[in-house]
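Shown next: start-v8.txt, given as compact mmCIF, C-alpha atoms.
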# COMPACT_ATOMS: atom_id res chain seq x y z
CA MET A 289 0.00 0.00 0.00
CA THR A 290 1.26 3.47 -0.83
CA THR A 291 0.45 6.89 0.61
CA LYS A 292 1.11 10.32 -0.82
CA ILE A 293 2.96 13.17 0.84
CA LEU A 294 0.91 16.22 -0.10
CA VAL A 295 1.53 19.96 0.14
CA PRO A 296 -0.64 20.89 3.15
CA GLU A 297 -2.88 23.88 3.64
CA MET A 298 -0.52 26.70 4.55
CA GLY A 299 -2.87 29.34 5.86
CA GLU A 300 -4.69 32.39 4.63
CA SER A 301 -3.62 33.68 1.19
CA VAL A 302 -0.70 31.22 0.92
CA VAL A 303 -1.28 28.82 -1.98
CA GLU A 304 2.22 28.25 -3.34
CA ALA A 305 5.57 27.17 -1.91
CA THR A 306 9.03 26.09 -3.01
CA VAL A 307 10.62 22.76 -2.12
CA ALA A 308 13.57 23.92 -0.04
CA ARG A 309 15.16 20.65 1.05
CA TRP A 310 14.40 16.95 1.28
CA LEU A 311 15.31 15.57 4.69
CA LYS A 312 15.06 11.99 3.39
CA LYS A 313 16.37 10.24 0.29
CA GLU A 314 14.55 7.75 -1.88
CA GLY A 315 14.78 4.39 -0.14
CA ASP A 316 14.99 5.87 3.37
CA ARG A 317 12.62 4.62 6.05
CA VAL A 318 10.22 7.18 7.54
CA ALA A 319 8.13 7.10 10.71
CA PRO A 320 4.69 8.64 11.27
CA GLY A 321 5.01 12.33 12.10
CA GLU A 322 8.68 12.44 11.07
CA PRO A 323 9.65 15.54 9.02
CA VAL A 324 10.43 14.50 5.46
CA VAL A 325 10.71 17.69 3.43
CA GLU A 326 11.03 21.44 4.05
CA LEU A 327 8.87 23.91 2.15
CA GLU A 328 9.58 27.61 1.82
CA THR A 329 6.68 30.04 1.44
CA ASP A 330 6.67 33.79 1.03
CA LYS A 331 5.89 34.13 4.75
CA VAL A 332 7.28 31.19 6.69
CA ASP A 333 9.19 27.94 6.26
CA LEU A 334 7.53 24.70 7.30
CA GLU A 335 8.30 21.01 7.53
CA VAL A 336 6.00 18.39 6.00
CA SER A 337 5.82 15.08 7.87
CA ALA A 338 4.93 11.56 6.84
CA ASP A 339 1.46 10.37 7.83
CA ARG A 340 2.38 6.68 7.89
CA ALA A 341 5.43 4.52 8.40
CA GLY A 342 7.12 3.10 5.34
CA ILE A 343 9.82 3.62 2.74
CA LEU A 344 10.17 6.85 0.76
CA ARG A 345 9.82 5.13 -2.56
CA ARG A 346 9.71 8.13 -4.89
CA ILE A 347 10.34 11.88 -4.74
CA GLU A 348 7.95 13.63 -7.12
CA ARG A 349 9.02 17.26 -6.71
CA ARG A 350 12.69 18.18 -6.51
CA GLU A 351 14.40 20.92 -4.51
CA GLY A 352 13.81 24.34 -6.03
CA GLU A 353 10.50 23.40 -7.67
CA ASN A 354 7.38 25.46 -7.01
CA VAL A 355 4.38 23.56 -5.68
CA LYS A 356 0.79 24.34 -4.76
CA VAL A 357 -1.53 23.15 -2.02
CA GLY A 358 -2.53 19.54 -2.73
CA ASP A 359 0.42 18.74 -5.03
CA VAL A 360 2.11 15.37 -4.50
CA LEU A 361 5.60 15.75 -3.06
CA GLY A 362 6.50 12.09 -2.73
CA ILE A 363 5.25 8.53 -2.35
CA VAL A 364 5.66 6.42 0.78
CA GLU A 365 5.30 2.64 0.42
CA GLU A 366 4.17 0.93 3.58
CA THR A 367 6.06 -2.25 4.48
CA GLU A 368 5.50 -4.65 7.32
CA GLU A 369 9.05 -4.24 8.54
CA ALA A 370 8.91 -0.43 8.58
CA VAL A 371 5.56 -0.45 10.36
CA ALA A 372 6.84 -2.91 12.95
CA VAL A 373 9.95 -0.85 13.61
CA ALA A 374 7.95 2.34 13.87
CA GLU A 375 5.51 0.79 16.31
CA THR A 376 8.30 -0.48 18.54
CA SER A 377 8.86 2.15 21.20
CA GLU A 378 12.21 2.88 22.77
CA GLU A 379 10.92 1.36 25.98
CA GLU A 380 10.16 -1.93 24.25
CA ILE A 381 13.59 -1.98 22.65
CA ALA A 382 15.15 -1.33 26.07
CA LYS A 383 13.37 -4.39 27.46
CA VAL A 384 14.95 -6.58 24.80
CA ALA A 385 18.39 -4.98 24.85
CA PRO A 386 19.67 -5.85 28.42
CA GLU A 387 21.85 -8.90 28.82
CA ARG A 388 19.80 -12.08 29.29
CA PRO A 389 20.54 -14.84 31.82
CA ARG A 390 22.90 -17.46 30.41
CA GLU A 391 20.51 -20.34 31.05
CA MET A 392 17.83 -18.78 28.91
CA PRO A 393 17.84 -19.80 25.26
CA GLU A 394 18.39 -17.02 22.75
CA PRO A 395 14.96 -16.10 21.36
CA THR A 396 14.34 -16.09 17.69
CA ALA A 397 14.68 -12.61 16.20
CA THR A 398 11.45 -10.98 15.10
CA ALA A 399 10.74 -8.11 12.76
CA ALA A 400 10.28 -5.78 15.69
CA VAL A 401 13.78 -6.36 17.11
CA ARG A 402 15.78 -7.62 14.17
CA GLU A 403 16.79 -4.12 13.26
CA ALA A 404 17.09 -1.11 15.52
CA PRO A 405 14.87 1.78 14.58
CA ALA A 406 16.39 4.41 12.34
CA LYS A 407 18.12 7.23 14.15
CA PRO A 408 15.72 10.15 14.40
CA SER A 409 16.44 13.21 12.32
CA VAL A 410 18.33 16.01 13.99
CA ARG A 411 15.91 18.62 15.33
CA ALA A 412 16.92 21.97 13.88
CA THR A 413 15.21 25.15 12.73
CA PRO A 414 15.02 25.81 8.98
CA SER A 415 17.45 28.75 9.29
CA ALA A 416 19.92 26.49 11.12
CA ARG A 417 19.64 23.87 8.36
CA ARG A 418 20.23 26.49 5.68
CA MET A 419 23.30 27.82 7.43
CA ALA A 420 24.61 24.29 7.96
CA ARG A 421 24.19 23.55 4.25
CA GLU A 422 25.96 26.75 3.24
CA HIS A 423 28.97 25.96 5.46
CA ALA A 424 28.96 22.15 5.07
CA VAL A 425 28.33 21.60 8.77
CA ASP A 426 27.17 18.22 10.06
CA LEU A 427 24.29 19.03 12.39
CA GLU A 428 24.99 15.82 14.31
CA SER A 429 28.06 17.62 15.73
CA VAL A 430 26.25 20.79 16.81
CA PRO A 431 24.83 20.97 20.36
CA GLY A 432 21.34 22.49 20.42
CA SER A 433 20.21 25.18 22.85
CA GLY A 434 16.58 25.43 21.72
CA PRO A 435 13.51 23.72 23.15
CA SER A 436 14.12 19.96 23.62
CA GLY A 437 17.64 20.37 22.27
CA GLN A 438 16.59 21.91 18.96
CA ILE A 439 19.50 23.42 17.04
CA THR A 440 19.14 27.12 16.24
CA ARG A 441 21.02 29.35 13.82
CA ASP A 442 23.01 30.80 16.72
CA ASP A 443 24.13 27.28 17.66
CA VAL A 444 25.51 26.73 14.15
CA GLN A 445 27.19 30.14 14.19
CA GLN A 446 28.81 29.39 17.55
CA TYR A 447 29.97 25.99 16.28
CA LEU A 448 31.56 27.60 13.21
CA GLU A 449 33.36 30.18 15.34
CA GLN A 450 34.63 27.45 17.66
CA GLN A 451 35.88 25.37 14.74
CA SER A 452 37.54 28.41 13.21
CA ALA A 453 39.32 29.22 16.48
CA GLU A 454 40.54 25.62 16.90
CA ALA A 455 41.79 25.50 13.32
CA ALA A 456 43.76 28.75 13.62
CA PRO A 457 47.53 27.93 13.60
CA SER A 458 49.23 28.73 16.86
CA ARG A 459 52.13 31.14 16.70
CA PRO A 460 55.46 29.47 17.72
CA THR A 461 56.93 30.68 20.98
CA PRO A 462 60.19 32.57 20.31
CA VAL A 463 63.31 31.10 21.94
CA ALA A 464 65.32 33.57 24.00
CA GLY A 465 68.56 34.58 22.35
CA ARG A 466 67.70 33.00 19.02
CA PRO A 467 66.92 35.38 16.14
CA GLN A 468 63.66 34.64 14.45
CA PRO A 469 63.63 34.44 10.67
CA GLU A 470 61.63 37.12 8.97
CA LYS A 471 58.71 35.93 6.93
CA ALA A 472 59.14 36.75 3.29
CA PRO A 473 56.36 39.00 1.97
CA ALA A 474 53.85 37.25 -0.26
CA PRO A 475 54.28 38.12 -3.90
CA ALA A 476 51.73 40.57 -5.22
CA SER A 477 49.08 38.81 -7.23
CA THR A 478 48.74 39.89 -10.81
CA ASP A 479 45.60 37.81 -11.36
CA ARG A 480 42.53 39.98 -10.85
CA ALA A 481 39.96 37.26 -10.31
CA ARG A 482 36.46 38.51 -11.06
CA ARG A 483 34.65 36.22 -8.67
CA GLU A 484 30.88 35.88 -8.89
CA GLU A 485 28.36 33.76 -7.07
CA ARG A 486 24.83 32.94 -8.15
CA ILE A 487 22.35 32.32 -5.32
CA ARG A 488 18.73 31.37 -5.81
CA MET A 489 16.46 34.09 -4.46
CA SER A 490 14.37 32.68 -1.64
CA ARG A 491 10.60 32.77 -1.96
CA ARG A 492 10.43 35.24 0.92
CA ARG A 493 12.91 37.56 -0.81
CA GLN A 494 10.94 37.25 -4.08
CA THR A 495 7.77 38.23 -2.23
CA ILE A 496 9.48 41.15 -0.50
CA ALA A 497 10.75 42.41 -3.85
CA ARG A 498 7.35 42.01 -5.51
CA ARG A 499 5.43 43.71 -2.70
CA LEU A 500 7.83 46.65 -2.47
CA VAL A 501 7.57 47.30 -6.20
CA GLU A 502 3.80 46.86 -5.99
CA ALA A 503 3.59 49.38 -3.13
CA GLN A 504 5.48 52.00 -5.11
CA ARG A 505 3.50 51.33 -8.28
CA THR A 506 -0.02 51.24 -6.83
CA ALA A 507 0.09 53.74 -3.94
CA ALA A 508 0.57 57.50 -4.07
CA MET A 509 3.24 57.24 -1.40
CA LEU A 510 4.53 60.32 0.38
CA THR A 511 6.65 60.75 3.52
CA THR A 512 6.62 63.42 6.19
CA PHE A 513 9.32 63.83 8.86
CA ASN A 514 9.68 65.19 12.36
CA GLU A 515 12.05 64.84 15.28
CA VAL A 516 11.37 63.72 18.83
CA ASP A 517 13.16 64.67 22.03
CA MET A 518 13.65 61.30 23.72
CA SER A 519 14.79 62.73 27.07
CA ALA A 520 11.60 61.87 28.99
CA VAL A 521 11.45 58.31 27.67
CA MET A 522 15.15 57.74 28.37
CA GLN A 523 14.78 59.02 31.93
CA LEU A 524 11.68 56.91 32.48
CA ARG A 525 13.43 53.80 31.25
CA GLN A 526 16.45 54.56 33.43
CA ARG A 527 14.27 54.89 36.55
CA TYR A 528 12.20 51.77 36.03
CA LYS A 529 14.34 49.42 33.93
CA GLU A 530 15.52 47.20 36.81
CA ALA A 531 12.08 46.94 38.43
CA PHE A 532 10.48 46.31 35.01
CA GLN A 533 13.00 43.59 34.23
CA ARG A 534 12.52 41.88 37.60
CA ARG A 535 8.74 41.98 37.39
CA HIS A 536 8.21 41.06 33.75
CA GLY A 537 11.40 39.28 32.72
CA VAL A 538 11.94 41.54 29.73
CA SER A 539 13.59 44.91 29.12
CA LEU A 540 11.59 48.10 28.64
CA GLY A 541 12.41 49.13 25.09
CA ILE A 542 11.71 52.08 22.82
CA THR A 543 9.30 50.46 20.37
CA SER A 544 6.53 49.89 22.90
CA PHE A 545 6.25 53.65 23.52
CA PHE A 546 5.77 54.28 19.81
CA VAL A 547 3.28 51.43 19.46
CA LYS A 548 1.23 52.94 22.28
CA ALA A 549 1.54 56.45 20.83
CA SER A 550 0.57 55.20 17.37
CA ILE A 551 -2.65 53.66 18.69
CA VAL A 552 -3.68 56.94 20.35
CA ALA A 553 -2.92 58.85 17.14
CA LEU A 554 -4.73 56.28 14.97
CA LYS A 555 -7.87 56.73 17.04
CA GLU A 556 -7.70 60.47 16.37
CA PHE A 557 -6.82 60.06 12.66
CA PRO A 558 -8.62 56.88 11.52
CA GLN A 559 -7.72 57.43 7.84
CA LEU A 560 -4.29 56.02 8.69
CA ASN A 561 -5.83 52.81 10.05
CA ALA A 562 -7.65 51.98 6.83
CA GLU A 563 -7.30 50.40 3.42
CA ILE A 564 -8.68 50.91 -0.08
CA GLN A 565 -10.96 48.24 -1.54
CA GLY A 566 -12.02 49.20 -5.05
CA ASP A 567 -13.76 52.56 -4.76
CA ASP A 568 -14.35 52.17 -1.02
CA ILE A 569 -12.33 53.23 1.99
CA VAL A 570 -12.48 50.67 4.81
CA LEU A 571 -11.86 52.29 8.19
CA LYS A 572 -10.76 49.82 10.87
CA TYR A 573 -11.57 50.34 14.51
CA TYR A 574 -9.30 47.58 15.78
CA TYR A 575 -5.55 47.98 16.08
CA ASP A 576 -3.38 45.15 14.81
CA ILE A 577 0.06 46.73 14.73
CA GLY A 578 2.77 45.16 12.59
CA VAL A 579 6.32 45.34 13.93
CA ALA A 580 9.00 44.96 11.25
CA VAL A 581 11.72 42.47 12.19
CA GLY A 582 14.92 42.04 10.21
CA ALA A 583 16.05 38.39 10.09
CA SER A 584 18.73 36.56 8.13
CA GLY A 585 16.09 35.22 5.72
CA GLY A 586 14.62 38.66 5.03
CA LEU A 587 12.30 41.24 6.54
CA VAL A 588 9.12 39.97 8.16
CA VAL A 589 6.29 41.87 9.84
CA PRO A 590 4.64 39.88 12.65
CA VAL A 591 1.49 41.44 14.06
CA LEU A 592 0.50 42.49 17.59
CA ARG A 593 -3.19 41.54 17.72
CA ASP A 594 -5.47 44.05 19.46
CA ALA A 595 -2.43 46.03 20.53
CA ASP A 596 -4.64 48.63 22.18
CA ARG A 597 -5.42 46.03 24.86
CA LEU A 598 -1.78 45.14 25.53
CA SER A 599 0.38 46.52 28.33
CA PHE A 600 3.94 47.76 27.82
CA ALA A 601 5.22 44.45 29.20
CA GLN A 602 3.03 42.38 26.88
CA ILE A 603 4.19 44.39 23.87
CA GLU A 604 7.86 44.01 24.81
CA LYS A 605 7.48 40.26 25.41
CA ALA A 606 5.73 39.80 22.07
CA ILE A 607 8.38 41.77 20.16
CA LYS A 608 11.18 39.74 21.79
CA GLU A 609 9.42 36.49 20.94
CA PHE A 610 8.82 37.61 17.34
CA ALA A 611 12.51 38.48 16.89
CA GLN A 612 13.60 35.10 18.22
CA LYS A 613 11.10 33.17 16.11
CA ALA A 614 12.04 35.17 13.00
CA GLU A 615 15.70 34.25 13.41
CA GLU A 616 14.89 30.60 14.05
CA GLY A 617 12.43 30.47 11.15
CA THR A 618 9.55 29.39 13.40
CA LEU A 619 7.10 32.25 12.81
CA THR A 620 3.64 30.95 11.97
CA LEU A 621 1.28 32.24 9.33
CA GLU A 622 -1.00 33.49 12.09
CA ASP A 623 1.90 35.61 13.41
CA LEU A 624 2.14 37.37 10.04
CA ARG A 625 -1.48 37.59 8.95
CA GLY A 626 -3.17 40.97 8.50
CA GLY A 627 -2.11 44.15 10.25
CA THR A 628 -3.65 47.62 10.07
CA PHE A 629 -0.56 49.81 10.63
CA THR A 630 3.18 49.13 10.86
CA VAL A 631 6.05 50.39 13.02
CA THR A 632 9.61 49.77 11.81
CA ASN A 633 12.77 50.63 13.73
CA GLY A 634 15.81 51.08 11.51
CA GLY A 635 17.60 52.74 14.41
CA VAL A 636 18.61 49.35 15.82
CA PHE A 637 20.89 49.00 12.78
CA GLY A 638 22.22 52.56 13.05
CA SER A 639 19.96 54.31 10.54
CA LEU A 640 19.75 58.06 11.17
CA LEU A 641 17.05 58.82 8.59
CA SER A 642 15.13 56.78 6.02
CA THR A 643 11.89 56.61 4.06
CA PRO A 644 9.88 53.50 5.04
CA ILE A 645 7.84 51.80 2.31
CA LEU A 646 4.19 50.95 2.83
CA ASN A 647 3.14 47.41 3.63
CA PRO A 648 0.06 46.94 1.36
CA PRO A 649 -2.86 47.12 1.83
CA GLN A 650 -1.97 49.34 4.80
CA VAL A 651 -1.86 53.07 4.15
CA GLY A 652 0.57 54.12 6.89
CA ILE A 653 3.94 53.10 8.31
CA LEU A 654 5.95 54.80 11.05
CA GLY A 655 9.74 54.68 10.80
CA LEU A 656 11.94 55.06 13.89
CA HIS A 657 15.63 55.84 13.78
CA LYS A 658 18.84 56.11 15.77
CA ILE A 659 18.79 58.23 18.94
CA GLU A 660 21.60 60.74 18.71
CA GLU A 661 22.58 63.62 20.97
CA ARG A 662 22.22 66.88 19.08
CA PRO A 663 22.13 70.59 19.99
CA ILE A 664 18.61 72.05 19.93
CA VAL A 665 17.14 75.36 21.04
CA ILE A 666 14.81 75.33 24.07
CA ASN A 667 13.62 78.63 25.60
CA HIS A 668 16.20 80.54 23.55
CA GLU A 669 19.03 78.38 24.87
CA VAL A 670 21.09 75.77 23.05
CA VAL A 671 21.02 72.44 24.91
CA ILE A 672 22.12 68.89 24.10
CA ARG A 673 19.29 66.38 23.94
CA PRO A 674 18.87 62.77 22.73
CA MET A 675 16.94 63.26 19.51
CA MET A 676 15.33 60.87 17.06
CA TYR A 677 14.10 61.53 13.55
CA VAL A 678 10.76 59.87 12.82
CA ALA A 679 9.18 59.36 9.41
CA LEU A 680 5.60 58.64 8.40
CA SER A 681 5.00 57.24 4.93
CA TYR A 682 1.36 57.30 3.87
CA ASP A 683 -0.91 56.69 0.90
CA HIS A 684 -1.87 60.13 -0.37
CA ARG A 685 -4.93 58.69 -2.11
CA ILE A 686 -6.85 58.65 1.18
CA VAL A 687 -4.57 60.50 3.61
CA ASP A 688 -4.04 64.22 3.08
CA GLY A 689 -0.82 65.94 4.02
CA ARG A 690 -2.50 67.85 6.83
CA GLU A 691 -3.69 64.68 8.58
CA ALA A 692 -0.32 63.01 8.08
CA VAL A 693 1.58 65.93 9.59
CA GLN A 694 -0.85 66.21 12.50
CA PHE A 695 -0.62 62.48 13.11
CA LEU A 696 3.17 62.66 13.37
CA VAL A 697 3.01 65.76 15.60
CA ARG A 698 0.65 63.82 17.91
CA ILE A 699 3.19 60.98 18.06
CA LYS A 700 5.88 63.51 18.98
CA GLU A 701 3.74 65.03 21.75
CA LEU A 702 2.91 61.67 23.30
CA VAL A 703 6.48 60.35 23.28
CA GLU A 704 7.93 63.58 24.64
CA GLU A 705 5.42 63.38 27.51
CA PRO A 706 5.07 59.62 28.03
CA GLU A 707 2.91 60.09 31.14
CA ALA A 708 0.19 61.17 28.70
CA LEU A 709 0.14 57.62 27.32
CA LEU A 710 -1.13 56.41 30.68
CA LEU A 711 -3.88 59.05 30.73
CA GLU A 712 -4.88 58.12 27.19
CA GLY A 713 -5.24 54.46 28.25

Rendering of file as structure tokens:
Amino acid sequence: MTTKILVPEMGESVVEATVARWLKKEGDRVAPGEPVVELETDKVDLEVSADRAGILRRIERREGENVKVGDVLGIVEETEEAVAVAETSEEEIAKVAPERPREMPEPTATAAVREAPAKPSVRATPSARRMAREHAVDLESVPGSGPSGQITRDDVQQYLEQQSAEAAPSRPTPVAGRPQPEKAPAPASTDRARREERIRMSRRRQTIARRLVEAQRTAAMLTTFNEVDMSAVMQLRQRYKEAFQRRHGVSLGITSFFVKASIVALKEFPQLNAEIQGDDIVLKYYYDIGVAVGASGGLVVPVLRDADRLSFAQIEKAIKEFAQKAEEGTLTLEDLRGGTFTVTNGGVFGSLLSTPILNPPQVGILGLHKIEERPIVINHEVVIRPMMYVALSYDHRIVDGREAVQFLVRIKELVEEPEALLLEG
């Protein structure tokens, strides 16, 4: 009897994927629930498991091929031996394995114990597997720090650094009184190698490229700028950072203040929490705030659901979890679905000023930047303050310049007086 490995339902609006990597070869034994192949979608990577025990008899779709929901990825042929091995638990094997009394006759081997079960696949995140492939690392040698020993990208990176350090040649210790020979300089190379490398663009990167071009082509995008004095927020964080960390187990960051401020401003200027559907404007009175996260596989925008109901601590915990999941490649489709407005912080990478691009069908995105001490004039005196440039990109089709400027001014007011965020709820 044979069973098919099918491309599963992958969530809202996701109908196509790319075969990223087969974890099994034709002829390999597979167990029920064991990951067999990795798929890469424009939002997340996912592993497809075998439904039944058997032998992977045929691979129908090769690595790099595009597939759709319901397509056949491979064929598993059920065999009595594979089923028996799969059904034999480790506990049952352990009962057979210990040394038997000498007077007992050796029992006849059965299918269940004739062959030890196949060694389970190494548990690793998709980003860790990609990095291991790129650097020819055997994941069997990498200790995992994730849940249940799962190997993360950081584990592979640490392993590579350790191997590099061990492989570095040690410098000989000079002997006292003995002149050391000078190393002859390497001859200058006259060969100007024009090295190139061709890398397949990931599905996520293809989607990012397509959506960015689409945003610029379909929206009348405009950006307005302002600057925010971050003194009050910095002082507030300094006063409460230790107590906040002890109580909630997470640091009090900058982004949560802007998420809170954005929600207040969106309630006052609902055109920025809307989208265009045909000839209609759909105003949204719920606040699902996307937070842009830069990961090794590309930019992703996980969503804080009903962010107006979240506390500072809940926002900070969610952002931290999103960042970790993005790097490990474990974000779910639910994490990325929807969103009514986006906040992106290029300041964490050192950006002083930039123009964020809309995340369709949203009509507004707030860009944060590096905090830098600059001289400003307050009450006719020049003082040094920690300042941040902020940028609001908006769709001019439904948001006028006046509303956009007033929206950003409201953000500035709220962040410069963060106590007001508590009064605004």

So that I can check the surroundings of A:Ala508, please list as a compact mmCIF listing (two decimals) with C-alpha atoms, in the frame of the given file every protein, DNA and RNA residue that reaches within 6 Å of it, counting only C-alpha atoms and ignoring chain neighbours fewer than 4 positions away.
# COMPACT_ATOMS: atom_id res chain seq x y z
CA ASP A 683 -0.91 56.69 0.90
CA HIS A 684 -1.87 60.13 -0.37
CA ARG A 685 -4.93 58.69 -2.11

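Atom CA of A:Lys605 lies 26.8 Å from atom CA of A:Leu641.
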
Using 12 Å as the limit and counting all atoms listed in the file, can you tabulate each residue of stretch 302-375 of chain A that touches stretch 621-634 of chain A, with its shortest atom-to-atom distance in Å and the two atoms involved, as a tab-separated table?
residue	atom	partner	partner_atom	distance
A:Val302	CA	A:Leu621	CA	8.7
A:Thr329	CA	A:Leu621	CA	9.8
A:Asp330	CA	A:Leu621	CA	10.0
A:Lys331	CA	A:Leu621	CA	6.8
A:Val332	CA	A:Leu621	CA	6.6
A:Asp333	CA	A:Leu621	CA	9.5
A:Leu334	CA	A:Leu621	CA	10.0

Hey, what's within 7 Å of stretch 658-667 of chain A if we count all atoms listed in the file and toss same-chain stuff fewer than 6 positions away? As a list in words, please?
->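 Those residues are Gly635, Val636, Gly638, Ser639, Leu640, Arg673, Pro674, Met675 and Met676 of chain A.
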
Go ahead and find all residues with at least one atom no further than 12 Å from (13.4, 57.4, 32.2) in the file's coordinates, using all atoms listed in the file; report them as a list in words.
->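 Residues satisfying the cut-off, written out: Met518, Ser519, Ala520, Val521, Met522, Gln523, Leu524, Arg525, Gln526, Arg527, Tyr528, Lys529, Glu530, Phe532, Leu540, Gly541, Ile542, Phe545, Val703, Glu704, Glu705, Pro706 and Glu707 of chain A.
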
Could you make a table, as a tab-separated table, of the residues of stretch 614-702 of chain A that have an atom within 10 Å of an atom of stretch 501-505 of chain A, each with its nearest atom pair and distance in Å to one decimal, counting all atoms listed in the file, in chain and number order?
residue	atom	partner	partner_atom	distance
A:Ile645	CA	A:Ala503	CA	7.3
A:Leu646	CA	A:Ala503	CA	6.2
A:Asn647	CA	A:Ala503	CA	7.1
A:Pro648	CA	A:Ala503	CA	6.2
A:Pro649	CA	A:Ala503	CA	8.4
A:Gln650	CA	A:Ala503	CA	9.7
A:Val651	CA	A:Ala503	CA	9.8
A:Asp683	CA	A:Ala503	CA	9.5

At what distance in Å, to one decimal, does atom CA of A:Val357 lie from atom CA of A:Ala611?
-> 28.1 Å

Considering all atoms listed in the file, state which residue in the set A:Ile293, A:Ala305, A:Asp359, A:Arg421 is at the smallest distance from A:Arg346.
->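 Ranked by minimum distance to A:Arg346, first place goes to A:Ile293.
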
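With all atoms listed in the file as the atoms that count, the residue of A:Ile363, A:Val678, A:Ile551, A:Ala614 with the shortest distance to A:Pro644 is A:Val678.
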
For A:Lys555, which residue among A:Leu327, A:Leu361, A:Ile699, A:Val444 is the nearest when counting all atoms listed in the file?
-> A:Ile699

Box centre and edge lengths (Å, one decimal), axis-aligned, stretch 301-311 of chain A plus 6 Å each side, as AutoDock Vina command-line options:
--center_x 5.8 --center_y 24.6 --center_z 0.7 --size_x 30.9 --size_y 30.1 --size_z 20.0

Please indicate the distance in Å from atom CA of A:Phe557 to atom CA of A:Leu696, rounded to one decimal place.
->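 Rounded to one decimal, the two atoms are 10.3 Å apart.
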
Check the smallest atom-to-atom distance from each of A:Thr413, A:Gln612, A:Thr440, A:Thr306 to A:Arg350 using all atoms listed in the file, then report the winner.
->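 Among A:Thr413, A:Gln612, A:Thr440, A:Thr306, it is A:Thr306 that comes nearest to A:Arg350.
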
Measuring atom to atom with only C-alpha atoms, identify which of A:Gln694, A:Ser681, A:Ser550, A:Ser584 is nearest to A:Thr512.
->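 Among the listed residues, A:Ser681 lies closest to A:Thr512.
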
Shortest interatomic distance to A:Ser490 - which of A:Gly655, A:Gly578, A:Pro320, A:Gly352, counting all atoms listed in the file |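 Closest to A:Ser490, using all atoms listed in the file: A:Gly352.
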
Write out as a ChimeraX atom specification which residues come within 6 Å of A:Tyr677 when counting all atoms listed in the file, dropping same-chain ones fewer than 3 positions away.
-> /A:514-515,657

Export C-alpha atoms of the chosen residues as a JSON list (two decimals), in the coordinates of the input?
[["chain", "number", "residue", "atom", "x", "y", "z"],
["A", 514, "ASN", "CA", 9.68, 65.19, 12.36],
["A", 515, "GLU", "CA", 12.05, 64.84, 15.28],
["A", 657, "HIS", "CA", 15.63, 55.84, 13.78]]
